[in-house]
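Everything on this sheet refers to the single structure shown next.
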Amino acid sequence: MLRCGLWMSCLTMVLAGCATVESGVEAKVLDGKSPLPLQTYSLIIDDMPGFLVPYFRDELVGVLAAAGAEEVATDAEVEFTLRYEDVDLSINEAPLDPFGERTSTERPARFIARVTIEARRPGASKPSMTATMSRVHQVAVGAYMHQRSRAAIRRAYEEILEVVR
């Protein structure tokens with residue numbers, strides 16, 4: 001129990017350094033700076049659940065288009081990579097049933113969903129920018145409302161890419 005509390009305290013301190021955009025979505029540039037302005041880019045989506053791709057892809061494409069950039073298949077000025085991961089926050093919780101059997105009342109899933117955004121110039125060994133957007137989730141199975149999060153995802157991209165609205 002003490003370990004879990006300590007972990008949550010550390011997590012709170014880390015998240016306090018992030019910009020909370022909206023709906024609990026936090027955006028943070030970890031290294032480098034925005035590659036904008038640019039004229040062309042390509043996009044790689046790596047290890048992201050298929051149901052999330054339209055939300056994260058469409059909003060990034062929209063932000064970059066509004067900034068005057070066009071997605072191309074070859075010879076892009078910058079290659080963006082989006083990568084998804086989640087951090088389970090319920091690791092130390094006791095199971096609902098001491099025999100490990102499924103019960104009719106399931107606990108909501110508690111996790112941090114994090115998307116890492118990298119911008120890399122052609123031929124560069126390191127990204128010119130690495131950023132994340134994350135949100136703590138507590139959801140029941142099937143209660144995924146990502147359509148409502150589109151505006152928050154777009155604002156997080158604008159924050160990360162330093163787009164003036």
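Naming works like this for the structure tokens: A, B, ... for the chains as they're shown, residue 1 at the start of each chain, ligands 1 onward in shown order.
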Q. Which neighbours of range 108-124 of chain A fall inside 7 Å, counting only C-alpha atoms, when residues of the same chain fewer than 5 positions from it are skipped, and could you give them as number ranges by chain?
A. A: 77-90, 129-140
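Between CA of Ala69 in chain A and CA of Leu161 in chain A the separation is 12.3 Å.
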Q: Please return as an MDAnalysis selection string: the residues of range 22-162 of chain A that backbone DSSP assigns to strand (DSSP E or B).
A: chainID A and resid 22 25:32 40:46 70:71 78:88 109:120 129:139
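Pairwise distance (CA of Thr40 in chain A, CA of Arg148 in chain A) equals 29.0 Å.
For the residues A:Lys126, A:Ser149, A:Tyr41, A:Arg154, ranking by smallest atom-to-atom distance to Thr74 in chain A using only C-alpha atoms places A:Tyr41 first.
The smallest atom-to-atom distance between Gly68 in chain A and any of A:Arg150, A:Pro37, A:Glu158, A:Pro49, using only C-alpha atoms, is found for A:Pro37.
Taking CA of Gly50 in chain A and CA of Glu70 in chain A as endpoints, the distance between them is 23.2 Å.
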Q) Which is closer to Val72 in chain A than all the others in A:Glu159, A:Ile44, A:Leu36, A:Pro127, using only C-alpha atoms? A) A:Ile44
